[in-house]
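> Sharing my_file-v8.cif, mmCIF, C-alpha atoms:
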```cif
data_my_file
loop_
_atom_site.label_atom_id
_atom_site.label_comp_id
_atom_site.auth_asym_id
_atom_site.auth_seq_id
_atom_site.Cartn_x
_atom_site.Cartn_y
_atom_site.Cartn_z
CA MET B 875 -41.70 -4.40 26.33
CA LEU B 876 -42.45 -0.79 25.41
CA HIS B 877 -44.65 -0.44 22.32
CA ILE B 878 -44.52 2.92 20.53
CA VAL B 879 -47.34 3.93 18.19
CA ASN B 880 -47.13 7.09 16.11
CA LYS B 881 -50.12 7.17 13.75
CA SER B 882 -53.71 8.19 14.36
CA ALA B 883 -56.03 5.24 15.03
CA THR B 884 -58.55 6.70 12.63
CA ASP B 885 -55.92 6.86 9.89
CA ARG B 886 -54.03 3.57 10.29
CA GLY B 887 -54.48 0.17 11.81
CA SER B 888 -51.21 0.28 13.72
CA LEU B 889 -52.72 1.04 17.14
CA GLU B 890 -55.25 -1.76 16.77
CA SER B 891 -52.51 -4.21 15.73
CA CYS B 892 -50.35 -3.10 18.64
CA LEU B 893 -53.11 -3.56 21.20
CA ALA B 894 -53.85 -7.04 19.81
CA MET B 895 -50.22 -8.10 20.19
CA ALA B 896 -49.04 -6.35 23.38
CA THR B 897 -48.70 -8.88 26.18
CA LYS B 898 -50.27 -8.21 29.57
CA GLY B 899 -48.19 -5.78 31.63
CA SER B 900 -46.50 -4.14 28.63
CA ALA B 901 -46.44 -0.42 28.12
CA VAL B 902 -47.83 1.41 25.10
CA LEU B 903 -46.64 4.94 24.39
CA LEU B 904 -48.60 7.10 21.95
CA ILE B 905 -46.57 9.76 20.17
CA GLU B 906 -47.10 12.12 17.22
CA ASP B 907 -50.56 11.68 15.66
CA ALA B 908 -51.28 8.59 17.76
CA VAL B 909 -51.99 10.83 20.77
CA TYR B 910 -55.47 11.55 19.39
CA ALA B 911 -56.45 8.03 20.45
CA ALA B 912 -55.86 9.02 24.07
CA THR B 913 -58.49 11.74 24.02
CA THR B 914 -62.14 11.81 25.06
CA GLY B 915 -64.79 11.34 22.43
CA GLY B 916 -62.43 9.73 19.95
CA ALA B 917 -63.25 6.53 18.09
CA ALA B 918 -60.42 4.73 19.88
CA ALA B 919 -61.34 5.92 23.37
CA ALA B 920 -63.24 2.78 24.31
CA LYS B 921 -60.46 0.56 23.00
CA ILE B 922 -57.83 2.49 24.94
CA GLN B 923 -59.82 2.36 28.15
CA ALA B 924 -60.35 -1.37 27.75
CA ALA B 925 -56.64 -1.86 27.03
CA ALA B 926 -55.70 0.10 30.15
CA ALA B 927 -56.91 -2.86 32.23
CA ASP B 928 -53.96 -5.00 31.10
CA LEU B 929 -51.47 -2.51 29.67
CA LYS B 930 -49.94 0.74 30.87
CA ILE B 931 -50.93 3.42 28.38
CA TYR B 932 -48.87 6.59 28.02
CA ALA B 933 -49.22 9.63 25.77
CA LEU B 934 -46.54 12.19 24.95
CA GLY B 935 -47.57 15.55 26.43
CA PRO B 936 -45.81 17.81 23.93
CA ASP B 937 -47.59 16.04 21.06
CA LEU B 938 -50.98 16.42 22.83
CA ALA B 939 -50.35 20.13 23.40
CA ALA B 940 -49.23 20.68 19.82
CA ARG B 941 -52.57 19.28 18.68
CA GLY B 942 -54.70 21.25 21.14
CA MET B 943 -55.60 18.05 23.01
CA ALA B 944 -53.91 18.57 26.37
CA ALA B 945 -57.22 19.15 28.19
CA ARG B 946 -58.98 16.13 26.71
CA VAL B 947 -56.89 13.22 27.89
CA LEU B 948 -58.75 10.06 28.88
CA ASP B 949 -58.68 8.87 32.46
CA GLY B 950 -56.23 6.05 32.79
CA VAL B 951 -53.75 7.45 30.26
CA ASN B 952 -50.47 8.65 31.77
CA VAL B 953 -49.11 11.81 30.15
CA VAL B 954 -45.31 11.97 29.95
CA ASP B 955 -42.86 14.48 28.57
CA TYR B 956 -39.70 13.64 26.59
CA ALA B 957 -37.84 12.92 29.82
CA GLY B 958 -40.58 10.43 30.65
CA PHE B 959 -40.27 8.93 27.14
CA VAL B 960 -36.55 8.43 27.70
CA ASP B 961 -37.23 6.84 31.09
CA LEU B 962 -39.76 4.44 29.56
CA VAL B 963 -37.23 3.26 27.00
CA ALA B 964 -34.60 2.83 29.70
CA GLU B 965 -36.97 0.86 31.97
CA HIS B 966 -38.13 -1.68 29.40
CA LYS B 967 -35.78 -4.38 28.10
CA SER B 968 -36.72 -3.62 24.51
CA CYS B 969 -39.01 -1.41 22.46
CA GLN B 970 -41.03 -1.93 19.31
CA SER B 971 -42.33 0.82 17.01
CA TRP B 972 -45.63 0.25 15.21
CA LEU B 973 -45.31 2.53 12.18
CA MET T 182 -26.84 3.02 29.20
CA GLN T 183 -26.40 3.44 25.42
CA PHE T 184 -29.34 4.29 23.17
CA GLY T 185 -29.28 3.84 19.41
CA ILE T 186 -31.73 5.67 17.19
CA LEU T 187 -32.96 4.76 13.71
CA VAL T 188 -34.55 7.55 11.64
CA ASN T 189 -36.55 6.26 8.69
CA GLU T 190 -37.95 9.48 7.27
CA GLY T 191 -36.70 12.76 5.85
CA PRO T 192 -37.11 16.22 7.33
CA TYR T 193 -40.47 18.03 7.32
CA SER T 194 -42.57 15.44 5.45
CA HIS T 195 -42.89 13.37 8.60
CA GLN T 196 -42.47 14.18 12.27
CA ALA T 197 -40.13 11.21 12.70
CA SER T 198 -36.90 13.18 12.49
CA ASP T 199 -38.18 15.79 14.93
CA SER T 200 -39.34 13.16 17.43
CA ALA T 201 -36.03 11.34 17.11
CA TYR T 202 -34.04 14.54 17.61
CA LEU T 203 -35.98 15.57 20.72
CA PHE T 204 -35.63 12.05 22.14
CA ALA T 205 -31.89 12.04 21.45
CA ARG T 206 -31.32 15.48 22.90
CA THR T 207 -33.34 14.69 26.04
CA ALA T 208 -31.50 11.40 26.57
CA LEU T 209 -28.14 13.17 26.24
CA GLU T 210 -29.20 15.97 28.60
CA LYS T 211 -30.19 13.30 31.14
CA GLY T 212 -26.72 11.83 30.93
CA TYR T 213 -27.42 8.78 28.77
CA LYS T 214 -25.14 7.95 25.85
CA VAL T 215 -26.41 8.19 22.29
CA PRO T 216 -23.30 7.10 20.40
CA ARG T 217 -24.92 6.83 16.96
CA VAL T 218 -28.03 7.79 15.01
CA PHE T 219 -28.62 5.85 11.79
CA PHE T 220 -30.55 7.35 8.88
CA TYR T 221 -32.30 4.91 6.53
CA HIS T 222 -34.95 5.07 3.76
CA ASP T 223 -35.82 8.75 3.23
CA GLY T 224 -34.04 9.48 6.51
CA VAL T 225 -30.93 10.04 4.41
CA TYR T 226 -32.38 13.38 3.28
CA ASN T 227 -31.80 14.75 6.80
CA ALA T 228 -28.11 14.82 5.89
CA SER T 229 -28.29 17.25 2.98
CA ARG T 230 -26.60 20.59 3.59
CA LEU T 231 -28.47 22.07 0.62
CA ALA T 232 -31.70 22.60 2.55
CA THR T 233 -32.71 26.23 3.12
CA PRO T 234 -35.89 26.10 5.20
CA PRO T 235 -37.62 29.36 6.18
CA GLN T 236 -35.90 31.37 8.91
CA ASP T 237 -38.84 31.22 11.30
CA ASP T 238 -38.83 27.44 11.53
CA ARG T 239 -36.36 24.83 12.72
CA ASN T 240 -33.58 23.62 10.44
CA VAL T 241 -33.88 19.87 10.94
CA GLY T 242 -30.58 18.86 9.33
CA ALA T 243 -28.54 21.60 10.98
CA ARG T 244 -30.00 20.65 14.36
CA TRP T 245 -28.66 17.12 13.98
CA SER T 246 -25.24 18.50 12.99
CA LYS T 247 -25.19 20.68 16.11
CA LEU T 248 -26.23 17.78 18.36
CA ALA T 249 -23.32 15.80 16.93
CA ALA T 250 -20.94 18.72 17.53
CA ASP T 251 -22.15 19.23 21.11
CA TYR T 252 -22.29 15.58 22.20
CA GLY T 253 -20.13 13.62 19.76
CA VAL T 254 -23.06 11.68 18.27
CA ASP T 255 -22.08 9.69 15.14
CA LEU T 256 -24.62 10.53 12.42
CA VAL T 257 -24.53 7.71 9.87
CA VAL T 258 -26.35 7.74 6.54
CA CYS T 259 -26.89 4.38 4.82
CA VAL T 260 -24.91 4.19 1.58
CA ALA T 261 -27.46 2.11 -0.35
CA ALA T 262 -30.40 4.36 0.60
CA ALA T 263 -28.27 7.46 -0.06
CA GLN T 264 -27.22 6.29 -3.52
CA ARG T 265 -30.82 5.66 -4.49
CA ARG T 266 -31.76 9.20 -3.43
CA GLY T 267 -28.77 11.23 -4.64
CA ILE T 268 -27.27 11.94 -1.26
CA THR T 269 -23.53 11.92 -1.88
CA ASP T 270 -20.49 12.93 0.16
CA GLY T 271 -20.52 16.23 -1.69
CA VAL T 272 -23.87 17.30 -0.22
CA LEU T 273 -23.47 16.10 3.36
CA GLY T 274 -24.01 18.54 6.19
CA ASP T 275 -21.53 18.82 9.04
CA ASN T 276 -20.89 15.69 11.08
CA PHE T 277 -22.86 13.33 8.85
CA ARG T 278 -21.02 10.44 7.21
CA ILE T 279 -22.06 7.75 4.75
CA SER T 280 -21.51 4.12 5.68
CA GLY T 281 -23.04 0.66 5.42
CA LEU T 282 -26.04 -1.08 6.97
CA GLY T 283 -23.63 -3.03 9.13
CA GLN T 284 -23.39 0.11 11.29
CA LEU T 285 -27.09 -0.27 12.13
CA VAL T 286 -26.74 -3.94 12.97
CA GLU T 287 -23.81 -3.14 15.26
CA MET T 288 -25.98 -0.66 17.13
CA GLY T 289 -28.48 -3.41 17.82
CA ILE T 290 -25.77 -5.77 19.03
CA GLN T 291 -23.72 -3.36 21.13
CA TYR T 292 -26.21 -0.86 22.56
CA ASP T 293 -28.75 -1.36 25.31
CA ARG T 294 -31.72 0.03 23.41
CA LEU T 295 -32.59 0.78 19.75
CA VAL T 296 -35.56 3.05 19.03
CA THR T 297 -37.07 3.37 15.53
CA PHE T 298 -38.74 6.60 14.39
CA GLY T 299 -40.57 6.35 11.07
CA ASP T 300 -43.79 6.63 9.16
CA MET N 698 -26.47 -4.99 -2.74
CA SER N 699 -22.81 -5.13 -1.66
CA ASP N 700 -22.85 -3.05 1.41
CA MET N 701 -20.46 -5.30 3.28
CA ASP N 702 -18.59 -3.45 6.02
CA ASP N 703 -16.74 -5.51 8.60
CA MET N 704 -18.98 -8.46 9.23
CA ASP N 705 -19.44 -9.70 12.77
CA ASP N 706 -18.67 -7.04 15.33
CA GLY N 707 -16.31 -9.51 17.05
CA SER N 708 -17.96 -9.17 20.45
CA GLY N 709 -19.48 -12.66 20.57
CA ILE N 710 -22.78 -11.16 21.71
CA VAL N 711 -25.81 -12.86 20.17
CA LYS N 712 -29.12 -11.06 20.45
CA LYS N 713 -32.62 -11.88 19.29
CA PHE N 714 -33.28 -9.50 16.38
CA MET N 715 -36.79 -9.20 15.02
CA PHE N 716 -37.56 -7.43 11.77
CA LEU N 717 -41.16 -6.27 11.72
CA ASN N 718 -42.73 -6.09 8.26
CA ARG N 719 -46.24 -4.65 8.21
CA LYS N 720 -46.46 -2.98 4.84
CA ALA N 721 -47.39 -4.17 1.38
CA PRO N 722 -44.70 -4.26 -1.31
CA HIS N 723 -44.25 -1.59 -4.00
CA GLY N 724 -46.63 1.09 -2.69
CA THR N 725 -43.75 2.10 -0.44
CA VAL N 726 -40.06 1.21 -0.30
CA TYR N 727 -40.10 -0.44 3.12
CA ALA N 728 -40.43 -4.04 1.94
CA LEU N 729 -37.42 -3.78 -0.40
CA GLU N 730 -35.16 -1.76 1.87
CA GLY N 731 -36.23 -3.82 4.87
CA LEU N 732 -35.05 -6.97 3.09
CA GLU N 733 -31.68 -5.34 2.45
CA VAL N 734 -31.15 -4.85 6.18
CA VAL N 735 -31.99 -8.49 6.89
CA LEU N 736 -29.48 -9.71 4.31
CA ILE N 737 -26.72 -7.62 5.89
CA THR N 738 -27.68 -8.83 9.35
CA ALA N 739 -27.16 -12.42 8.21
CA ALA N 740 -23.40 -11.88 8.31
CA PHE N 741 -23.44 -10.98 12.00
CA ASP N 742 -24.51 -14.39 13.38
CA GLN N 743 -27.44 -13.06 15.38
CA ASP N 744 -30.69 -14.86 16.20
CA VAL N 745 -32.85 -13.34 13.48
CA SER N 746 -36.61 -13.59 13.02
CA MET N 747 -38.60 -11.91 10.27
CA VAL N 748 -42.20 -11.24 11.15
CA PHE N 749 -44.86 -10.45 8.55
CA THR N 750 -48.15 -9.13 9.91
CA ASP N 751 -50.93 -6.85 8.69
CA ASP N 752 -50.22 -5.88 5.05
CA GLY N 753 -46.70 -7.27 5.42
CA VAL N 754 -48.07 -10.71 4.54
CA TYR N 755 -48.63 -9.42 1.00
CA GLN N 756 -44.85 -9.25 0.52
CA LEU N 757 -44.71 -13.05 0.43
CA LEU N 758 -47.44 -13.76 -2.11
CA LYS N 759 -46.85 -16.00 -5.11
CA GLY N 760 -47.50 -14.66 -8.57
CA ILE N 761 -45.94 -11.23 -8.26
CA ASP N 762 -45.25 -9.68 -11.69
CA THR N 763 -43.85 -6.15 -11.70
CA LYS N 764 -43.28 -5.70 -15.42
CA GLY N 765 -46.23 -3.39 -15.91
CA ILE N 766 -45.19 -0.98 -13.18
CA GLU N 767 -41.53 -1.13 -14.25
CA VAL N 768 -40.04 -1.62 -10.82
CA LYS N 769 -37.57 -4.21 -9.65
CA ASP N 770 -39.12 -7.54 -8.69
CA PHE N 771 -37.38 -8.50 -5.50
CA SER N 772 -39.79 -11.25 -4.49
CA LYS N 773 -37.30 -14.02 -5.31
CA THR N 774 -35.04 -12.66 -2.61
CA TYR N 775 -37.37 -14.06 0.04
CA ARG N 776 -36.56 -17.55 -1.29
CA ALA N 777 -32.85 -16.80 -1.03
CA LEU N 778 -33.07 -16.01 2.68
CA ASP N 779 -32.47 -19.54 3.87
CA GLY N 780 -29.22 -19.52 1.90
CA TYR N 781 -28.21 -16.73 4.26
CA ASP N 782 -29.30 -18.79 7.30
CA ILE N 783 -32.34 -16.59 7.80
CA GLU N 784 -34.87 -19.34 8.36
CA LYS N 785 -37.23 -17.98 10.98
CA LEU N 786 -40.03 -16.37 9.02
CA TYR N 787 -43.25 -15.87 10.92
CA VAL N 788 -46.64 -14.92 9.58
CA ASP N 789 -49.65 -14.01 11.61
CA GLN N 790 -52.75 -16.19 11.01
CA ALA N 791 -55.16 -13.38 11.71
CA SER N 792 -53.49 -11.18 9.08
CA LEU N 793 -53.78 -13.96 6.49
CA ASP N 794 -57.44 -14.57 7.37
CA ALA N 795 -58.30 -10.88 7.18
CA ARG N 796 -56.91 -10.84 3.63
CA GLY N 797 -58.43 -14.10 2.39
CA LEU N 798 -54.99 -15.70 2.15
CA ALA N 799 -53.65 -19.11 3.10
CA GLU N 800 -50.16 -20.46 3.78
CA ASP N 801 -50.23 -22.07 0.30
CA ASP N 802 -50.43 -18.65 -1.31
CA LEU N 803 -46.96 -17.76 -0.06
CA ILE N 804 -43.68 -18.21 -1.94
CA VAL N 805 -41.60 -19.40 1.01
CA ASP N 806 -42.02 -21.74 3.94
CA VAL N 807 -43.16 -19.84 6.98
CA THR N 808 -44.37 -20.61 10.45
CA VAL N 809 -47.91 -19.36 10.95
CA LEU N 810 -48.59 -18.08 14.45
CA SER N 811 -51.71 -17.28 16.42
CA VAL N 812 -52.04 -13.83 17.98
CA ASP N 813 -50.85 -15.11 21.37
CA GLU N 814 -47.88 -16.93 19.87
CA MET N 815 -46.92 -13.84 17.88
CA ALA N 816 -47.30 -11.63 20.96
CA ASN N 817 -45.04 -13.92 22.99
CA LEU N 818 -42.45 -14.01 20.20
CA MET N 819 -42.35 -10.22 20.10
CA ALA N 820 -42.07 -9.98 23.88
CA GLU N 821 -38.91 -12.15 23.88
CA GLN N 822 -36.92 -10.08 21.43
CA ASP N 823 -33.86 -8.01 22.35
CA VAL N 824 -33.93 -5.70 19.33
CA VAL N 825 -36.91 -4.90 17.11
CA ILE N 826 -36.37 -3.00 13.89
CA SER N 827 -39.51 -1.66 12.21
CA PHE N 828 -39.71 -0.38 8.67
#
```
As structure tokens, what does this structure read like?

Amino acid sequence: MLHIVNKSATDRGSLESCLAMATKGSAVLLIEDAVYAATTGGAAAAKIQAAAADLKIYALGPDLAARGMAARVLDGVNVVDYAGFVDLVAEHKSCQSWL
Amino acid sequence: MQFGILVNEGPYSHQASDSAYLFARTALEKGYKVPRVFFYHDGVYNASRLATPPQDDRNVGARWSKLAADYGVDLVVCVAAAQRRGITDGVLGDNFRISGLGQLVEMGIQYDRLVTFGD
Amino acid sequence: MSDMDDMDDGSGIVKKFMFLNRKAPHGTVYALEGLEVVLITAAFDQDVSMVFTDDGVYQLLKGIDTKGIEVKDFSKTYRALDGYDIEKLYVDQASLDARGLAEDDLIVDVTVLSVDEMANLMAEQDVVISF
């Protein structure tokens, strides 16, 4: 399954809930304000790096760039563009948005 | 492959409608089908033709109307959510139509994927 | 709530639909309008589960009284769900624990799941609608 999270981890519990419930081998895509979690120095950085052991973590490049975060992406996070977002949805049997 | 899209929020207040639009447009450009986009909760406000945003920024509602014109996407506004919020046939922008929640359920049944954009 | 278009799309396809409820009632509209979608879905003979996690568990609490805030009290509708053949209501144990709640505090019968059980349930769904 592809999990999509859109809110900042320091604003909402949705990323934490998602990471608790995503089964091993799932993909998690961070979009909109959730992309901050994929950056160095952030409160969620350790959680994301730990999660990357069992899950494939992606962040939407245009949302990182819009927030001035393109140069601060954590190792282990895969940056995708909208074409990559579309591909992720196509590749996974279903998707779930954590709002 | 057919993608359905659910938009739960109105224009400008949340990024949801922008994200949904860019996803839809990209999918269509890549040759996927996006037969319908369903607007629920405050998403119904995307359909109002009365919006006059500043010239130097995107016109969220008009962009959806153009996507529908270019690719034949069915833009459906939920009647119950629309009635609550004063979105009537008289204020709909081009290519939006008002219909029931059953249209959303059908998307889930008939399409290959359904992506929710919201708050 | 009579939004009834053609019921049953006639295709014979049955998918696993999950409705994900993570928000408290009344502070936002998602609990109420989310319920409305579920009621419509009932007519389409799909395999429907409603999941309540995080603040969504608050939607099911007993003792709701909305008179003072002058909004519609829709809490009884949860009890009407089984009349629509929507019987699979799942609540996450960890979300109850984090809020000092127990199964007895809820107005309807639910199945309480552990994190792993909930994760596996989500992973099996065909369609997930989030509010």
> Taking only C-alpha atoms into account, find every residue of chain N that has an atom no more than 8 Å from chain B, and write it out as a list in words.
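In the required form, that comes to Asp751, Val812, Asp813, Met815, Ala816, Asn817, Ala820, Gln822, Asp823, Val824, Val825, Ile826, Ser827 and Phe828 of chain N.
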> Within 12 Å of chain T, which residues of chain B show up when using all atoms listed in the file, listed as a ChimeraX atom specification?
/B:875-882,886,888,904-908,934,936-937,955-973
> Write to file, as a PDB file, in the coordinates of the input, the residues of the selection just made, with C-alpha atoms.

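Output file again09.pdb is given in full below:
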```pdb
ATOM      1  CA  MET B 875     -41.700  -4.400  26.330  1.00  0.00           C
ATOM      2  CA  LEU B 876     -42.450  -0.790  25.410  1.00  0.00           C
ATOM      3  CA  HIS B 877     -44.650  -0.440  22.320  1.00  0.00           C
ATOM      4  CA  ILE B 878     -44.520   2.920  20.530  1.00  0.00           C
ATOM      5  CA  VAL B 879     -47.340   3.930  18.190  1.00  0.00           C
ATOM      6  CA  ASN B 880     -47.130   7.090  16.110  1.00  0.00           C
ATOM      7  CA  LYS B 881     -50.120   7.170  13.750  1.00  0.00           C
ATOM      8  CA  SER B 882     -53.710   8.190  14.360  1.00  0.00           C
ATOM      9  CA  ARG B 886     -54.030   3.570  10.290  1.00  0.00           C
ATOM     10  CA  SER B 888     -51.210   0.280  13.720  1.00  0.00           C
ATOM     11  CA  LEU B 904     -48.600   7.100  21.950  1.00  0.00           C
ATOM     12  CA  ILE B 905     -46.570   9.760  20.170  1.00  0.00           C
ATOM     13  CA  GLU B 906     -47.100  12.120  17.220  1.00  0.00           C
ATOM     14  CA  ASP B 907     -50.560  11.680  15.660  1.00  0.00           C
ATOM     15  CA  ALA B 908     -51.280   8.590  17.760  1.00  0.00           C
ATOM     16  CA  LEU B 934     -46.540  12.190  24.950  1.00  0.00           C
ATOM     17  CA  PRO B 936     -45.810  17.810  23.930  1.00  0.00           C
ATOM     18  CA  ASP B 937     -47.590  16.040  21.060  1.00  0.00           C
ATOM     19  CA  ASP B 955     -42.860  14.480  28.570  1.00  0.00           C
ATOM     20  CA  TYR B 956     -39.700  13.640  26.590  1.00  0.00           C
ATOM     21  CA  ALA B 957     -37.840  12.920  29.820  1.00  0.00           C
ATOM     22  CA  GLY B 958     -40.580  10.430  30.650  1.00  0.00           C
ATOM     23  CA  PHE B 959     -40.270   8.930  27.140  1.00  0.00           C
ATOM     24  CA  VAL B 960     -36.550   8.430  27.700  1.00  0.00           C
ATOM     25  CA  ASP B 961     -37.230   6.840  31.090  1.00  0.00           C
ATOM     26  CA  LEU B 962     -39.760   4.440  29.560  1.00  0.00           C
ATOM     27  CA  VAL B 963     -37.230   3.260  27.000  1.00  0.00           C
ATOM     28  CA  ALA B 964     -34.600   2.830  29.700  1.00  0.00           C
ATOM     29  CA  GLU B 965     -36.970   0.860  31.970  1.00  0.00           C
ATOM     30  CA  HIS B 966     -38.130  -1.680  29.400  1.00  0.00           C
ATOM     31  CA  LYS B 967     -35.780  -4.380  28.100  1.00  0.00           C
ATOM     32  CA  SER B 968     -36.720  -3.620  24.510  1.00  0.00           C
ATOM     33  CA  CYS B 969     -39.010  -1.410  22.460  1.00  0.00           C
ATOM     34  CA  GLN B 970     -41.030  -1.930  19.310  1.00  0.00           C
ATOM     35  CA  SER B 971     -42.330   0.820  17.010  1.00  0.00           C
ATOM     36  CA  TRP B 972     -45.630   0.250  15.210  1.00  0.00           C
ATOM     37  CA  LEU B 973     -45.310   2.530  12.180  1.00  0.00           C
TER      38      LEU B 973
END
```
> Would you tabulate, counting only C-alpha atoms, all residues of chain T that have an atom at most 8 Å from an atom of chain N, showing the closest pair of atoms and their distance in Å to one decimal, sorted by chain then ascending number, as a tab-separated table?

```
residue	atom	partner	partner_atom	distance
T:Asn189	CA	N:Phe828	CA	7.4
T:His222	CA	N:Glu730	CA	7.1
T:Val260	CA	N:Asp700	CA	7.5
T:Ala261	CA	N:Asp700	CA	7.1
T:Ala262	CA	N:Glu730	CA	7.9
T:Gly281	CA	N:Asp700	CA	5.5
T:Leu282	CA	N:Val734	CA	6.4
T:Gly283	CA	N:Asp702	CA	5.9
T:Gln284	CA	N:Asp702	CA	8.0
T:Val286	CA	N:Thr738	CA	6.2
T:Glu287	CA	N:Asp706	CA	6.5
T:Gly289	CA	N:Val824	CA	6.1
T:Ile290	CA	N:Lys712	CA	6.4
T:Gln291	CA	N:Ile710	CA	7.9
T:Arg294	CA	N:Val824	CA	7.4
T:Leu295	CA	N:Val824	CA	6.6
T:Val296	CA	N:Ile826	CA	8.0
T:Thr297	CA	N:Ser827	CA	6.5
T:Gly299	CA	N:Phe828	CA	7.2
```
> Run the PyMOL selection byres ((chain N and resi 790) around 12) mentally over the shown coordinates, then write out the matched residues as a PyMOL selection string, using the chain letters and numbers from the document.
chain N and resi 748-751+754+787-789+791-800+807-815
> What does the structure give for the distance between atom CA of Met943 of chain B and atom CA of Pro192 of chain T, in Å to one decimal?
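Answer for the atom CA of Met943 of chain B to atom CA of Pro192 of chain T separation: 24.3 Å.
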> Please provide the set of residues having any atom within 10 Å of Lys921 of chain B, restricted to all atoms listed in the file, with same-chain residues fewer than 4 positions apart removed, written as a count of residues only.
9
> Please report the interatomic distance between atom CA of Val745 of chain N and atom CA of Lys785 of chain N in Å with one decimal.
6.9 Å
> For a test of reading the model, state the distance in Å between atom CA of Ile922 of chain B and atom CA of Met819 of chain N, rounded to one decimal.
20.6 Å
> Would you kindly translate the PyMOL selection byres ((chain B and resi 950) around 9) into the concrete residues it picks from this file, as a PyMOL selection string?
chain B and resi 922-923+926-927+930-932+947-949+951-952
> Can you work out which one of N:Ile804, N:Asp742, N:Gly724, N:Asp752 has the shortest atom-to-atom distance to Leu786 of chain N, counting only C-alpha atoms?
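Between N:Ile804, N:Asp742, N:Gly724, N:Asp752, the residue approaching Leu786 of chain N most closely is N:Ile804.
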> Could you give me, as a list of chain:residue names, the residues that have an atom at most 8 Å away from the point (-42.4, -13.3, -5.9) in the coordinates of the file, using all atoms listed in the file?
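Output: N:Gln756, N:Leu757, N:Leu758, N:Lys759, N:Gly760, N:Ile761, N:Asp762, N:Asp770, N:Phe771, N:Ser772, N:Lys773, N:Tyr775, N:Ile804.
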> What residues come out when you apply the PyMOL selection byres ((chain T and resi 279) around 10) to this file, written as a list in words?
Phe219, Phe220, Val225, Ala228, Leu256, Val257, Val258, Cys259, Val260, Ala261, Ala262, Ala263, Gln264, Ile268, Thr269, Asp270, Leu273, Phe277, Arg278, Ser280, Gly281 and Leu282 of chain T
> Which centre and edge lengths in Å to one decimal define the box along x, y and z that fits every listed atom of segment 203-210 of chain T plus 4 Å per side, as lines of an AutoDock Vina configuration file?

```
center_x = -32.1
center_y = 13.7
center_z = 24.7
size_x = 15.8
size_y = 12.6
size_z = 15.9
```
> Missing atoms in segment 715-726 of chain N: can you complete it with N, CA and C atoms, as a JSON list (two decimals), keeping the file's coordinate frame?

```json
[["chain", "number", "residue", "atom", "x", "y", "z"],
["N", 715, "MET", "N", -35.56, -8.96, 15.77],
["N", 715, "MET", "CA", -36.79, -9.20, 15.02],
["N", 715, "MET", "C", -36.99, -8.06, 14.03],
["N", 716, "PHE", "N", -37.26, -8.41, 12.80],
["N", 716, "PHE", "CA", -37.56, -7.43, 11.77],
["N", 716, "PHE", "C", -39.06, -7.46, 11.52],
["N", 717, "LEU", "N", -39.71, -6.35, 11.76],
["N", 717, "LEU", "CA", -41.16, -6.27, 11.72],
["N", 717, "LEU", "C", -41.62, -5.67, 10.40],
["N", 718, "ASN", "N", -42.27, -6.50, 9.59],
["N", 718, "ASN", "CA", -42.73, -6.09, 8.26],
["N", 718, "ASN", "C", -44.24, -6.01, 8.25],
["N", 719, "ARG", "N", -44.79, -4.80, 8.16],
["N", 719, "ARG", "CA", -46.24, -4.65, 8.21],
["N", 719, "ARG", "C", -46.80, -3.96, 6.99],
["N", 720, "LYS", "N", -45.98, -3.74, 5.98],
["N", 720, "LYS", "CA", -46.46, -2.98, 4.84],
["N", 720, "LYS", "C", -46.41, -3.79, 3.56],
["N", 721, "ALA", "N", -47.32, -3.48, 2.66],
["N", 721, "ALA", "CA", -47.39, -4.17, 1.38],
["N", 721, "ALA", "C", -46.18, -3.78, 0.54],
["N", 722, "PRO", "N", -45.83, -4.63, -0.45],
["N", 722, "PRO", "CA", -44.70, -4.26, -1.31],
["N", 722, "PRO", "C", -45.11, -3.22, -2.34],
["N", 723, "HIS", "N", -44.15, -2.50, -2.85],
["N", 723, "HIS", "CA", -44.25, -1.59, -4.00],
["N", 723, "HIS", "C", -44.94, -0.27, -3.75],
["N", 724, "GLY", "N", -46.01, -0.21, -2.97],
["N", 724, "GLY", "CA", -46.63, 1.09, -2.69],
["N", 724, "GLY", "C", -45.67, 2.00, -1.93],
["N", 725, "THR", "N", -44.81, 1.37, -1.14],
["N", 725, "THR", "CA", -43.75, 2.10, -0.44],
["N", 725, "THR", "C", -42.47, 1.27, -0.54],
["N", 726, "VAL", "N", -41.37, 1.84, -0.14],
["N", 726, "VAL", "CA", -40.06, 1.21, -0.30],
["N", 726, "VAL", "C", -39.70, 0.26, 0.84]]
```
